[in-house]
Amino acid sequence: MNQIKSYKDLLIWQKGIKIVILVYKLVNTFPKEELYALSSQLKRASVSVSSNIAEGYGRNADKSFSHFLDISRGSLFEIETQLIIAKELGFITDETLFNEIINEIEEESKMINAFSKSLKN
């Protein structure tokens, strides 16, 4: 991590921010009665991805950072599960945006896995 001066330099953090923005766009189309239910849960889970990457980076220890990366990856799976539920309930009308988020989640998960392995070497 010598060339990395801040967690903001990490591509996994940057992609996490992109996922937050996409999730927020998507949940804006959900029914209003979902504002404090599934919408809120999706927003919190999406914010958690980059937040845990930043927190782990700030711990300044590879073992601790790896733990926070695991939490971030768990949040990605949480988002994916909640999106599937929202789709099954008919809350998702923008199929293109849904697919984009799913693709970003898959890519982010792979990137986090690779980064986490690099910390263990």
# chains A, B, ... in the order shown; residues from 1 in each chain; ligands from 1
>>> residues_around(residues="range 88-102 of chain A", least_positions_apart="6", cutoff="12 Å", atoms="only C-alpha atoms", output="NGL selection string")
:A and (15-35 or 38-39 or 42 or 46 or 76-82 or 108-109)
>>> write_last_selection(atoms="N, CA and C atoms", output="CSV table (one decimal), in the first residue's frame")
chain,number,residue,atom,x,y,z
A,15,LYS,N,-15.4,2.3,-6.4
A,15,LYS,CA,-16.5,1.5,-6.9
A,15,LYS,C,-17.6,1.4,-5.9
A,16,GLY,N,-17.3,1.3,-4.6
A,16,GLY,CA,-18.3,1.2,-3.6
A,16,GLY,C,-19.1,2.5,-3.6
A,17,ILE,N,-18.5,3.6,-3.8
A,17,ILE,CA,-19.2,4.9,-3.9
A,17,ILE,C,-20.2,4.9,-5.1
A,18,LYS,N,-19.7,4.3,-6.2
A,18,LYS,CA,-20.5,4.2,-7.4
A,18,LYS,C,-21.8,3.4,-7.1
A,19,ILE,N,-21.6,2.3,-6.4
A,19,ILE,CA,-22.7,1.4,-6.0
A,19,ILE,C,-23.7,2.2,-5.2
A,20,VAL,N,-23.3,3.0,-4.2
A,20,VAL,CA,-24.2,3.8,-3.4
A,20,VAL,C,-25.0,4.7,-4.3
A,21,ILE,N,-24.4,5.4,-5.2
A,21,ILE,CA,-25.1,6.3,-6.1
A,21,ILE,C,-26.2,5.6,-6.9
A,22,LEU,N,-25.8,4.4,-7.5
A,22,LEU,CA,-26.7,3.7,-8.3
A,22,LEU,C,-27.9,3.1,-7.4
A,23,VAL,N,-27.6,2.7,-6.2
A,23,VAL,CA,-28.7,2.2,-5.3
A,23,VAL,C,-29.6,3.3,-5.0
A,24,TYR,N,-29.1,4.5,-4.6
A,24,TYR,CA,-30.0,5.6,-4.3
A,24,TYR,C,-30.9,6.0,-5.5
A,25,LYS,N,-30.3,5.9,-6.7
A,25,LYS,CA,-31.2,6.2,-7.9
A,25,LYS,C,-32.3,5.2,-8.0
A,26,LEU,N,-32.0,4.0,-7.8
A,26,LEU,CA,-32.9,2.9,-7.9
A,26,LEU,C,-34.1,3.0,-6.9
A,27,VAL,N,-33.7,3.2,-5.6
A,27,VAL,CA,-34.7,3.2,-4.6
A,27,VAL,C,-35.6,4.4,-4.6
A,28,ASN,N,-35.2,5.5,-5.3
A,28,ASN,CA,-36.0,6.6,-5.5
A,28,ASN,C,-37.3,6.3,-6.3
A,29,THR,N,-37.3,5.2,-7.0
A,29,THR,CA,-38.5,4.7,-7.8
A,29,THR,C,-39.4,3.8,-7.0
A,30,PHE,N,-38.9,3.4,-5.8
A,30,PHE,CA,-39.7,2.4,-5.0
A,30,PHE,C,-41.0,3.1,-4.5
A,31,PRO,N,-42.0,2.3,-4.2
A,31,PRO,CA,-43.2,2.9,-3.6
A,31,PRO,C,-42.9,3.6,-2.3
A,32,LYS,N,-43.6,4.7,-2.0
A,32,LYS,CA,-43.3,5.5,-0.8
A,32,LYS,C,-43.5,4.8,0.5
A,33,GLU,N,-44.3,3.8,0.5
A,33,GLU,CA,-44.5,3.0,1.8
A,33,GLU,C,-43.2,2.2,2.1
A,34,GLU,N,-42.3,2.1,1.1
A,34,GLU,CA,-41.1,1.3,1.4
A,34,GLU,C,-39.9,2.3,1.8
A,35,LEU,N,-40.3,3.5,2.0
A,35,LEU,CA,-39.2,4.5,2.4
A,35,LEU,C,-38.5,4.1,3.6
A,38,LEU,N,-37.5,-1.5,3.0
A,38,LEU,CA,-36.5,-2.0,2.1
A,38,LEU,C,-35.6,-0.9,1.5
A,39,SER,N,-36.2,0.3,1.2
A,39,SER,CA,-35.4,1.4,0.7
A,39,SER,C,-34.3,1.8,1.7
A,42,LEU,N,-31.6,-0.9,2.0
A,42,LEU,CA,-30.7,-0.9,0.8
A,42,LEU,C,-29.7,0.2,0.9
A,46,SER,N,-25.6,-0.2,1.2
A,46,SER,CA,-24.7,0.3,0.2
A,46,SER,C,-23.7,1.2,0.8
A,76,LEU,N,-22.2,-6.3,0.4
A,76,LEU,CA,-22.5,-6.5,-1.1
A,76,LEU,C,-23.5,-7.6,-1.3
A,77,PHE,N,-23.4,-8.7,-0.6
A,77,PHE,CA,-24.3,-9.8,-0.7
A,77,PHE,C,-25.7,-9.4,-0.1
A,78,GLU,N,-25.7,-8.6,0.9
A,78,GLU,CA,-26.9,-8.1,1.5
A,78,GLU,C,-27.7,-7.2,0.5
A,79,ILE,N,-26.9,-6.3,-0.2
A,79,ILE,CA,-27.5,-5.5,-1.2
A,79,ILE,C,-28.1,-6.4,-2.3
A,80,GLU,N,-27.4,-7.3,-2.8
A,80,GLU,CA,-27.8,-8.2,-3.9
A,80,GLU,C,-29.1,-8.9,-3.5
A,81,THR,N,-29.1,-9.5,-2.3
A,81,THR,CA,-30.3,-10.2,-1.8
A,81,THR,C,-31.5,-9.2,-1.7
A,82,GLN,N,-31.3,-8.1,-1.2
A,82,GLN,CA,-32.4,-7.1,-1.0
A,82,GLN,C,-32.9,-6.6,-2.4
A,108,GLU,N,-17.2,-5.6,-7.9
A,108,GLU,CA,-16.7,-5.2,-6.6
A,108,GLU,C,-16.3,-6.3,-5.7
A,109,SER,N,-17.1,-7.3,-5.7
A,109,SER,CA,-16.8,-8.5,-4.8
A,109,SER,C,-15.5,-9.2,-5.3
>>> residues_around(residues="His67 in chain A", least_positions_apart="2", cutoff="12 Å", atoms="only C-alpha atoms", output="VMD selection string")
chain A and resid 52 to 53 55 to 57 59 61 to 65 69 to 74 112 to 113 116 to 117 119 to 120
>>> closest_residue(among="A:Gly58, A:Met111, A:Ser48, A:Ile105", to="Leu83 in chain A", atoms="only C-alpha atoms")
A:Ile105
>>> closest_residue(among="A:Ser6, A:Phe115, A:Asn121, A:Asn103", to="Ala54 in chain A", atoms="only C-alpha atoms")
A:Ser6
>>> decode(residues="range 1-106 of chain A", atoms="C-alpha atoms", output="mmCIF file, in the first residue's frame")
data_model
loop_
_atom_site.group_PDB
_atom_site.id
_atom_site.type_symbol
_atom_site.label_atom_id
_atom_site.label_comp_id
_atom_site.auth_asym_id
_atom_site.auth_seq_id
_atom_site.Cartn_x
_atom_site.Cartn_y
_atom_site.Cartn_z
ATOM 1 C CA MET A 1 0.000 0.000 0.000
ATOM 2 C CA ASN A 2 3.013 2.308 -0.465
ATOM 3 C CA GLN A 3 1.577 4.263 -3.439
ATOM 4 C CA ILE A 4 -1.798 4.616 -1.754
ATOM 5 C CA LYS A 5 -1.946 7.800 0.281
ATOM 6 C CA SER A 6 -5.620 7.609 1.246
ATOM 7 C CA TYR A 7 -8.494 5.157 1.232
ATOM 8 C CA LYS A 8 -9.944 7.392 -1.506
ATOM 9 C CA ASP A 9 -7.171 6.157 -3.813
ATOM 10 C CA LEU A 10 -8.454 2.578 -3.548
ATOM 11 C CA LEU A 11 -10.454 1.428 -6.571
ATOM 12 C CA ILE A 12 -12.570 -0.752 -4.285
ATOM 13 C CA TRP A 13 -13.585 2.345 -2.299
ATOM 14 C CA GLN A 14 -14.353 4.289 -5.500
ATOM 15 C CA LYS A 15 -16.487 1.467 -6.906
ATOM 16 C CA GLY A 16 -18.290 1.245 -3.567
ATOM 17 C CA ILE A 17 -19.233 4.917 -3.893
ATOM 18 C CA LYS A 18 -20.536 4.239 -7.399
ATOM 19 C CA ILE A 19 -22.731 1.443 -6.027
ATOM 20 C CA VAL A 20 -24.171 3.814 -3.406
ATOM 21 C CA ILE A 21 -25.124 6.329 -6.093
ATOM 22 C CA LEU A 22 -26.745 3.652 -8.259
ATOM 23 C CA VAL A 23 -28.683 2.180 -5.320
ATOM 24 C CA TYR A 24 -29.968 5.615 -4.298
ATOM 25 C CA LYS A 25 -31.155 6.232 -7.881
ATOM 26 C CA LEU A 26 -32.942 2.898 -7.936
ATOM 27 C CA VAL A 27 -34.706 3.190 -4.581
ATOM 28 C CA ASN A 28 -36.035 6.630 -5.536
ATOM 29 C CA THR A 29 -38.471 4.744 -7.771
ATOM 30 C CA PHE A 30 -39.710 2.427 -4.992
ATOM 31 C CA PRO A 31 -43.213 2.889 -3.559
ATOM 32 C CA LYS A 32 -43.343 5.541 -0.826
ATOM 33 C CA GLU A 33 -44.492 2.982 1.766
ATOM 34 C CA GLU A 34 -41.063 1.346 1.363
ATOM 35 C CA LEU A 35 -39.236 4.524 2.395
ATOM 36 C CA TYR A 36 -38.462 3.241 5.901
ATOM 37 C CA ALA A 37 -38.316 -0.437 5.039
ATOM 38 C CA LEU A 38 -36.480 -1.984 2.096
ATOM 39 C CA SER A 39 -35.359 1.394 0.680
ATOM 40 C CA SER A 40 -33.731 2.347 3.952
ATOM 41 C CA GLN A 41 -32.105 -1.057 4.349
ATOM 42 C CA LEU A 42 -30.663 -0.928 0.820
ATOM 43 C CA LYS A 43 -29.284 2.553 1.381
ATOM 44 C CA ARG A 44 -27.624 1.584 4.667
ATOM 45 C CA ALA A 45 -26.115 -1.591 3.219
ATOM 46 C CA SER A 46 -24.749 0.264 0.196
ATOM 47 C CA VAL A 47 -23.187 2.991 2.349
ATOM 48 C CA SER A 48 -21.638 0.271 4.497
ATOM 49 C CA VAL A 49 -19.446 -1.047 1.664
ATOM 50 C CA SER A 50 -17.219 2.014 1.226
ATOM 51 C CA SER A 51 -17.520 3.006 4.874
ATOM 52 C CA ASN A 52 -16.011 -0.291 6.018
ATOM 53 C CA ILE A 53 -13.255 -0.060 3.421
ATOM 54 C CA ALA A 54 -12.381 3.397 4.735
ATOM 55 C CA GLU A 55 -12.547 2.279 8.371
ATOM 56 C CA GLY A 56 -10.414 -0.782 7.700
ATOM 57 C CA TYR A 57 -7.829 1.317 5.895
ATOM 58 C CA GLY A 58 -7.748 3.684 8.856
ATOM 59 C CA ARG A 59 -6.922 0.864 11.266
ATOM 60 C CA ASN A 60 -3.443 0.730 9.700
ATOM 61 C CA ALA A 61 -3.093 -3.039 10.151
ATOM 62 C CA ASP A 62 -3.542 -5.615 7.397
ATOM 63 C CA LYS A 63 -5.349 -8.124 9.618
ATOM 64 C CA SER A 64 -7.861 -5.515 10.762
ATOM 65 C CA PHE A 65 -8.247 -4.171 7.227
ATOM 66 C CA SER A 66 -8.945 -7.696 5.975
ATOM 67 C CA HIS A 67 -11.701 -8.042 8.588
ATOM 68 C CA PHE A 68 -13.382 -4.833 7.398
ATOM 69 C CA LEU A 69 -13.087 -5.986 3.783
ATOM 70 C CA ASP A 70 -14.983 -9.128 4.808
ATOM 71 C CA ILE A 71 -17.721 -6.931 6.266
ATOM 72 C CA SER A 72 -17.831 -4.908 3.027
ATOM 73 C CA ARG A 73 -18.190 -8.080 0.995
ATOM 74 C CA GLY A 74 -21.011 -9.190 3.292
ATOM 75 C CA SER A 75 -22.767 -5.874 2.684
ATOM 76 C CA LEU A 76 -22.518 -6.475 -1.064
ATOM 77 C CA PHE A 77 -24.315 -9.796 -0.665
ATOM 78 C CA GLU A 78 -26.897 -8.090 1.525
ATOM 79 C CA ILE A 79 -27.542 -5.489 -1.195
ATOM 80 C CA GLU A 80 -27.832 -8.173 -3.859
ATOM 81 C CA THR A 81 -30.313 -10.172 -1.765
ATOM 82 C CA GLN A 82 -32.415 -7.106 -1.039
ATOM 83 C CA LEU A 83 -32.439 -6.144 -4.718
ATOM 84 C CA ILE A 84 -33.681 -9.606 -5.630
ATOM 85 C CA ILE A 85 -36.435 -9.279 -3.025
ATOM 86 C CA ALA A 86 -37.386 -5.824 -4.341
ATOM 87 C CA LYS A 87 -37.498 -7.188 -7.876
ATOM 88 C CA GLU A 88 -39.684 -10.124 -6.843
ATOM 89 C CA LEU A 89 -42.049 -7.690 -5.098
ATOM 90 C CA GLY A 90 -42.318 -5.624 -8.281
ATOM 91 C CA PHE A 91 -40.601 -2.531 -6.850
ATOM 92 C CA ILE A 92 -37.945 -2.412 -9.570
ATOM 93 C CA THR A 93 -39.099 -0.963 -12.861
ATOM 94 C CA ASP A 94 -35.712 0.010 -14.318
ATOM 95 C CA GLU A 95 -34.279 -3.320 -15.447
ATOM 96 C CA THR A 96 -31.190 -1.658 -16.934
ATOM 97 C CA LEU A 97 -30.273 0.032 -13.658
ATOM 98 C CA PHE A 98 -30.972 -3.176 -11.720
ATOM 99 C CA ASN A 99 -28.616 -5.134 -14.001
ATOM 100 C CA GLU A 100 -25.960 -2.426 -13.779
ATOM 101 C CA ILE A 101 -25.992 -2.583 -9.987
ATOM 102 C CA ILE A 102 -25.837 -6.392 -9.979
ATOM 103 C CA ASN A 103 -22.852 -6.257 -12.360
ATOM 104 C CA GLU A 104 -21.121 -3.630 -10.204
ATOM 105 C CA ILE A 105 -21.680 -5.780 -7.107
ATOM 106 C CA GLU A 106 -20.154 -8.829 -8.800
#
